[in-house]
$ cat target.txt   # compact mmCIF, C-alpha atoms
# COMPACT_ATOMS: atom_id res chain seq x y z
CA MET W 1 57.06 105.43 138.33
CA LYS W 2 60.36 103.61 138.87
CA PHE W 3 63.58 105.34 139.89
CA ILE W 4 67.20 104.26 139.88
CA GLY W 5 70.04 106.11 141.55
CA ILE W 6 73.43 106.20 139.83
CA ILE W 7 76.55 107.55 141.52
CA PRO W 8 79.36 108.48 139.08
CA ALA W 9 82.71 107.92 140.80
CA ARG W 10 86.10 108.58 139.20
CA TYR W 11 89.43 107.85 140.89
CA ALA W 12 91.32 110.48 138.92
CA SER W 13 90.86 114.05 140.14
CA THR W 14 93.13 117.00 139.55
CA ARG W 15 92.53 118.52 142.98
CA PHE W 16 91.98 115.34 145.00
CA PRO W 17 92.98 112.00 143.41
CA GLY W 18 91.30 108.96 144.92
CA LYS W 19 88.70 110.95 146.83
CA PRO W 20 85.89 108.33 146.54
CA LEU W 21 88.01 106.04 148.73
CA VAL W 22 88.97 108.50 151.46
CA ASP W 23 88.02 107.46 154.97
CA ILE W 24 85.27 109.44 156.68
CA GLY W 25 84.64 108.15 160.17
CA GLY W 26 85.57 104.56 159.37
CA MET W 27 83.71 104.39 156.04
CA THR W 28 84.81 105.31 152.52
CA MET W 29 83.16 108.35 151.00
CA ILE W 30 81.58 106.30 148.23
CA GLU W 31 80.02 103.93 150.78
CA ARG W 32 78.59 106.87 152.71
CA VAL W 33 77.02 108.31 149.55
CA TYR W 34 75.67 104.88 148.61
CA ARG W 35 74.08 104.25 151.99
CA GLN W 36 72.50 107.71 152.12
CA ALA W 37 71.06 107.32 148.62
CA SER W 38 69.76 103.83 149.39
CA GLN W 39 67.46 105.30 152.03
CA ALA W 40 65.54 107.10 149.28
CA LEU W 41 65.91 104.72 146.32
CA GLU W 42 65.24 100.99 145.95
CA ARG W 43 68.17 100.51 143.58
CA VAL W 44 71.46 102.39 143.63
CA VAL W 45 74.41 101.70 141.33
CA VAL W 46 77.94 103.13 141.41
CA ALA W 47 79.32 103.93 137.94
CA THR W 48 83.12 103.93 137.89
CA ASP W 49 86.09 103.61 135.56
CA ASP W 50 88.55 102.31 138.15
CA ASN W 51 89.03 98.81 139.55
CA ARG W 52 89.94 100.15 143.00
CA ILE W 53 86.53 101.75 143.34
CA LEU W 54 84.89 98.65 141.82
CA ASP W 55 86.50 96.44 144.46
CA ALA W 56 85.66 98.84 147.30
CA VAL W 57 81.97 98.93 146.37
CA LYS W 58 81.78 95.15 146.03
CA ALA W 59 83.46 94.84 149.45
CA PHE W 60 80.62 96.64 151.21
CA GLY W 61 77.96 94.80 149.19
CA GLY W 62 77.01 97.62 146.82
CA GLU W 63 76.08 97.34 143.15
CA VAL W 64 78.66 98.72 140.73
CA VAL W 65 79.25 98.80 136.97
CA MET W 66 82.33 99.70 134.97
CA THR W 67 82.10 102.54 132.48
CA SER W 68 84.39 104.20 129.96
CA PRO W 69 87.22 106.41 131.26
CA ASN W 70 86.56 108.88 128.44
CA HIS W 71 83.32 110.52 129.59
CA ASN W 72 83.28 114.32 129.81
CA SER W 73 80.61 114.49 132.52
CA GLY W 74 78.81 112.54 135.19
CA THR W 75 75.67 112.70 133.07
CA ASP W 76 77.39 110.81 130.25
CA ARG W 77 78.67 108.22 132.73
CA CYS W 78 75.16 107.87 134.19
CA TYR W 79 73.69 107.04 130.80
CA GLU W 80 76.26 104.34 130.07
CA ALA W 81 75.70 102.86 133.52
CA TYR W 82 71.92 102.92 133.02
CA ILE W 83 72.36 100.93 129.79
CA ASN W 84 74.97 98.56 131.26
CA CYS W 85 72.91 97.62 134.31
CA ALA W 86 69.85 96.79 132.16
CA SER W 87 67.53 99.00 134.19
CA ASP W 88 63.89 99.52 133.27
CA ALA W 89 63.57 102.60 135.49
CA ASP W 90 61.60 105.56 134.16
CA VAL W 91 63.83 108.13 135.89
CA VAL W 92 67.58 108.16 136.51
CA VAL W 93 68.79 110.09 139.57
CA ASN W 94 72.40 111.30 139.29
CA ILE W 95 73.89 111.51 142.79
CA GLN W 96 77.24 113.22 143.24
CA GLY W 97 79.89 110.80 144.49
CA ASP W 98 81.55 113.50 146.60
CA GLU W 99 78.49 114.41 148.73
CA PRO W 100 78.85 112.00 151.68
CA PHE W 101 76.08 113.65 153.70
CA ILE W 102 73.45 113.89 150.96
CA ALA W 103 70.09 113.76 152.74
CA PRO W 104 67.48 111.20 151.61
CA SER W 105 64.93 114.02 151.83
CA GLN W 106 66.85 115.92 149.14
CA ILE W 107 66.59 112.95 146.78
CA ASP W 108 62.90 112.60 147.64
CA ALA W 109 62.34 116.27 146.79
CA VAL W 110 63.79 115.79 143.29
CA LYS W 111 61.76 112.59 142.80
CA GLU W 112 58.61 114.54 143.61
CA CYS W 113 59.18 116.73 140.54
CA PHE W 114 58.34 113.63 138.49
CA THR W 115 55.61 112.11 140.62
CA ARG W 116 53.73 115.44 140.65
CA ASN W 117 54.15 115.87 136.90
CA GLU W 118 55.16 112.84 134.85
CA SER W 119 55.99 115.05 131.86
CA THR W 120 58.93 116.59 133.76
CA PRO W 121 61.99 115.95 131.58
CA ILE W 122 64.80 116.95 133.96
CA ALA W 123 64.90 118.08 137.59
CA THR W 124 67.57 119.41 139.91
CA LEU W 125 68.02 120.76 143.42
CA VAL W 126 68.51 124.38 144.46
CA ARG W 127 68.98 126.16 147.77
CA ARG W 128 67.93 129.65 148.78
CA PHE W 129 71.06 131.63 149.53
CA ASP W 130 71.48 132.62 153.17
CA PRO W 131 72.43 136.34 153.35
CA ALA W 132 74.32 135.60 156.57
CA LEU W 133 76.95 133.85 154.46
CA GLY W 134 77.90 137.24 153.08
CA TYR W 135 79.21 138.89 149.96
CA ASP W 136 82.17 136.59 149.27
CA ALA W 137 80.07 133.41 149.34
CA LEU W 138 77.50 134.87 146.95
CA PHE W 139 80.17 135.98 144.46
CA ASN W 140 82.13 132.70 144.58
CA PRO W 141 82.23 131.43 140.95
CA ASN W 142 82.58 127.85 142.20
CA THR W 143 79.02 128.10 143.50
CA PRO W 144 76.70 128.35 140.48
CA LYS W 145 73.63 130.53 140.84
CA VAL W 146 70.23 129.93 139.23
CA VAL W 147 67.17 132.06 138.51
CA LEU W 148 63.71 130.49 138.44
CA ASP W 149 60.45 131.21 136.66
CA SER W 150 57.13 131.51 138.46
CA ASP W 151 56.58 127.74 138.23
CA GLY W 152 59.94 126.88 139.74
CA ASN W 153 61.67 125.94 136.48
CA ALA W 154 65.24 127.06 135.88
CA LEU W 155 65.62 130.04 133.56
CA TYR W 156 69.41 130.20 133.64
CA PHE W 157 72.44 129.01 135.59
CA SER W 158 75.59 131.10 135.94
CA ARG W 159 78.84 131.36 137.82
CA SER W 160 78.13 135.09 137.95
CA VAL W 161 75.63 136.45 140.43
CA ILE W 162 72.11 136.49 138.95
CA PRO W 163 69.96 138.50 139.15
CA TYR W 164 71.95 141.73 138.96
CA VAL W 165 70.79 144.19 141.63
CA ARG W 166 70.78 147.65 140.13
CA GLY W 167 71.41 150.65 142.36
CA LYS W 168 72.95 148.70 145.23
CA GLN W 169 76.54 148.17 146.32
CA HIS W 170 77.72 144.58 145.88
CA GLU W 171 77.93 144.16 149.64
CA GLN W 172 74.16 144.84 149.82
CA TRP W 173 73.08 142.42 147.12
CA SER W 174 72.56 139.34 149.29
CA GLU W 175 70.08 141.30 151.42
CA SER W 176 68.38 143.07 148.50
CA ALA W 177 67.11 140.15 146.39
CA THR W 178 66.38 136.43 146.60
CA PHE W 179 69.20 134.31 145.26
CA TYR W 180 69.32 130.57 144.66
CA THR W 181 72.43 128.43 144.43
CA HIS W 182 72.59 125.15 142.56
CA VAL W 183 73.02 121.83 144.34
CA GLY W 184 74.47 119.26 141.94
CA LEU W 185 71.78 116.58 142.19
CA TYR W 186 70.05 115.79 138.89
CA ALA W 187 67.30 113.47 137.72
CA TYR W 188 66.26 112.77 134.14
CA ARG W 189 63.55 110.78 132.43
CA ALA W 190 65.41 107.89 130.82
CA ASP W 191 64.37 108.83 127.28
CA ILE W 192 65.48 112.43 127.87
CA LEU W 193 68.83 111.26 129.27
CA ALA W 194 69.45 109.41 126.00
CA ARG W 195 68.76 112.59 124.03
CA ILE W 196 70.76 115.09 126.06
CA THR W 197 73.88 112.91 126.12
CA ALA W 198 73.79 112.90 122.31
CA LEU W 199 73.82 116.70 122.10
CA PRO W 200 77.03 118.55 121.20
CA ARG W 201 78.42 121.00 123.74
CA SER W 202 76.68 124.34 123.44
CA PRO W 203 78.20 127.85 123.38
CA LEU W 204 76.74 128.76 126.78
CA GLU W 205 77.96 125.52 128.32
CA ILE W 206 81.46 126.15 127.02
CA ALA W 207 81.45 129.75 128.24
CA GLU W 208 80.31 128.96 131.81
CA SER W 209 81.53 125.35 132.06
CA LEU W 210 78.06 124.26 133.20
CA GLU W 211 76.61 121.29 131.32
CA GLN W 212 73.00 122.07 132.25
CA LEU W 213 73.18 125.12 129.99
CA ARG W 214 73.45 122.74 127.03
CA TRP W 215 70.04 121.34 127.94
CA LEU W 216 68.44 124.74 128.43
CA GLN W 217 69.94 126.06 125.21
CA ASN W 218 68.40 123.11 123.36
CA GLY W 219 64.94 123.76 124.79
CA TYR W 220 64.73 121.24 127.64
CA ARG W 221 62.85 122.34 130.74
CA ILE W 222 64.62 121.85 134.08
CA ALA W 223 62.30 121.69 137.08
CA THR W 224 63.72 122.52 140.47
CA ALA W 225 63.13 121.40 144.04
CA VAL W 226 64.19 123.70 146.86
CA THR W 227 66.13 122.33 149.83
CA ALA W 228 67.13 123.97 153.06
CA GLU W 229 69.41 121.06 154.02
CA PRO W 230 73.13 121.84 154.19
CA SER W 231 75.50 119.88 151.99
CA VAL W 232 79.24 119.32 151.91
CA GLY W 233 80.84 118.64 148.55
CA ILE W 234 84.40 117.33 148.80
CA ASP W 235 86.64 118.65 146.03
CA THR W 236 89.87 119.15 147.98
CA PRO W 237 91.65 117.77 151.07
CA GLN W 238 90.56 120.96 152.86
CA ASP W 239 86.92 120.11 152.12
CA LEU W 240 87.55 116.69 153.68
CA ASP W 241 88.80 118.37 156.85
CA ARG W 242 85.53 120.32 157.03
CA ALA W 243 83.51 117.15 156.48
CA LEU W 244 85.34 115.38 159.29
CA ALA W 245 84.69 118.33 161.57
CA MET W 246 81.00 118.19 160.66
CA LEU W 247 80.91 114.45 161.41
CA ASN W 248 82.46 114.98 164.83
CA GLN W 249 80.07 117.74 165.91
$ encode --input "target.txt" --output "structure tokens"
Amino acid sequence: MKFIGIIPARYASTRFPGKPLVDIGGMTMIERVYRQASQALERVVVATDDNRILDAVKAFGGEVVMTSPNHNSGTDRCYEAYINCASDADVVVNIQGDEPFIAPSQIDAVKECFTRNESTPIATLVRRFDPALGYDALFNPNTPKVVLDSDGNALYFSRSVIPYVRGKQHEQWSESATFYTHVGLYAYRADILARITALPRSPLEIAESLEQLRWLQNGYRIATAVTAEPSVGIDTPQDLDRALAMLNQ
């Protein structure tokens, strides 16, 4: 089974314009993501809509393709990039361009969802919530939660806390049940990627602003791999400060 990694990277960002090109310890963020992903994948391609990112990737010797500026999601951009780079890979791995410390082992874990079962249509990464992080972290709507079936497939994703713990104060929830949070690393069989990008937005997706609900609502199974590795997603300049602190530890 052949895999290709695609890193969607936009220059425009409401909260942090130009973040793919920020410097993290002498290396742009997009280069860090690219080099981490390349440890787990034979071919990695950056998909961008901006010439500044195009030039930066070429400068460090990475592979990059231009895509439309009108995509609504990284998944849509991944599919165009997959077509544009003439890949014959069976599985497309969508790696977030703002995760400079993505671990190769995390990518390997998602790949294993397909090597163990070639009929897997879509896979993603989840992390067991650490109760030590406390009530506020669990209830943060910017951290989507996910519930799993007995085979490790996703039943539902939500910005609300799921499952609901009846009979307990909210402050006790994180110690009263097992919670999983979603890590935004996806992989799709190439034929499935073509289908899901053709689907219209679904009511659940619109309500929660989570595109994976479109796939679930249309009957696609999403396998999950569990990681214990920490990750740092950079959405704001404050997140960058935390990433720099992590690098200097």
$ closest_residue --input "target.txt" --among "W:Cys85, W:Ala223, W:Ile95, W:Cys113" --to "Ile7 (chain W)" --atoms "all atoms listed in the file"
W:Ile95
$ closest_atom_pairs --input "target.txt" --of "region 48-162 of chain W" --to "region 194-203 of chain W" --cutoff "10 Å" --atoms "all atoms listed in the file" --output "CSV"
residue,atom,partner,partner_atom,distance
W:Ser73,CA,W:Thr197,CA,9.4
W:Thr75,CA,W:Thr197,CA,7.2
W:Asp76,CA,W:Thr197,CA,5.8
W:Arg77,CA,W:Thr197,CA,9.4
W:Cys78,CA,W:Thr197,CA,9.6
W:Tyr79,CA,W:Ala194,CA,6.8
W:Glu80,CA,W:Ala194,CA,9.4
W:Tyr82,CA,W:Ala194,CA,9.9
W:Ile83,CA,W:Ala194,CA,9.7
$ closest_residue --input "target.txt" --among "W:Ala47, W:Ala207, W:Ile24, W:Val146" --to "Ile222 (chain W)" --atoms "only C-alpha atoms"
W:Val146
$ axis_aligned_box --input "target.txt" --around "region 149-166 of chain W" --padding-each-side "4 Å" --output "lines of an AutoDock Vina configuration file"
center_x = 67.7
center_y = 136.8
center_z = 137.6
size_x = 30.3
size_y = 29.7
size_z = 16.1
$ closest_atom_pairs --input "target.txt" --of "region 190-248 of chain W" --to "region 159-166 of chain W" --cutoff "12 Å" --atoms "only C-alpha atoms" --output "Markdown table"
| residue | atom | partner | partner_atom | distance |
| --- | --- | --- | --- | --- |
| W:Leu204 | CA | W:Arg159 | CA | 11.5 |
| W:Glu205 | CA | W:Arg159 | CA | 11.2 |
| W:Ala207 | CA | W:Arg159 | CA | 10.1 |
| W:Glu208 | CA | W:Arg159 | CA | 6.6 |
| W:Ser209 | CA | W:Arg159 | CA | 8.7 |
| W:Leu210 | CA | W:Arg159 | CA | 8.5 |
| W:Leu213 | CA | W:Arg159 | CA | 11.5 |
$ atom_distance --input "target.txt" --atom1 "CA of Leu133 (chain W)" --atom2 "CA of Gln96 (chain W)"
23.5 Å
$ residues_around --input "target.txt" --residues "region 174-177 of chain W" --least-positions-apart "5" --cutoff "7 Å" --atoms "all atoms listed in the file" --output "number ranges by chain"
W: 131, 134-135
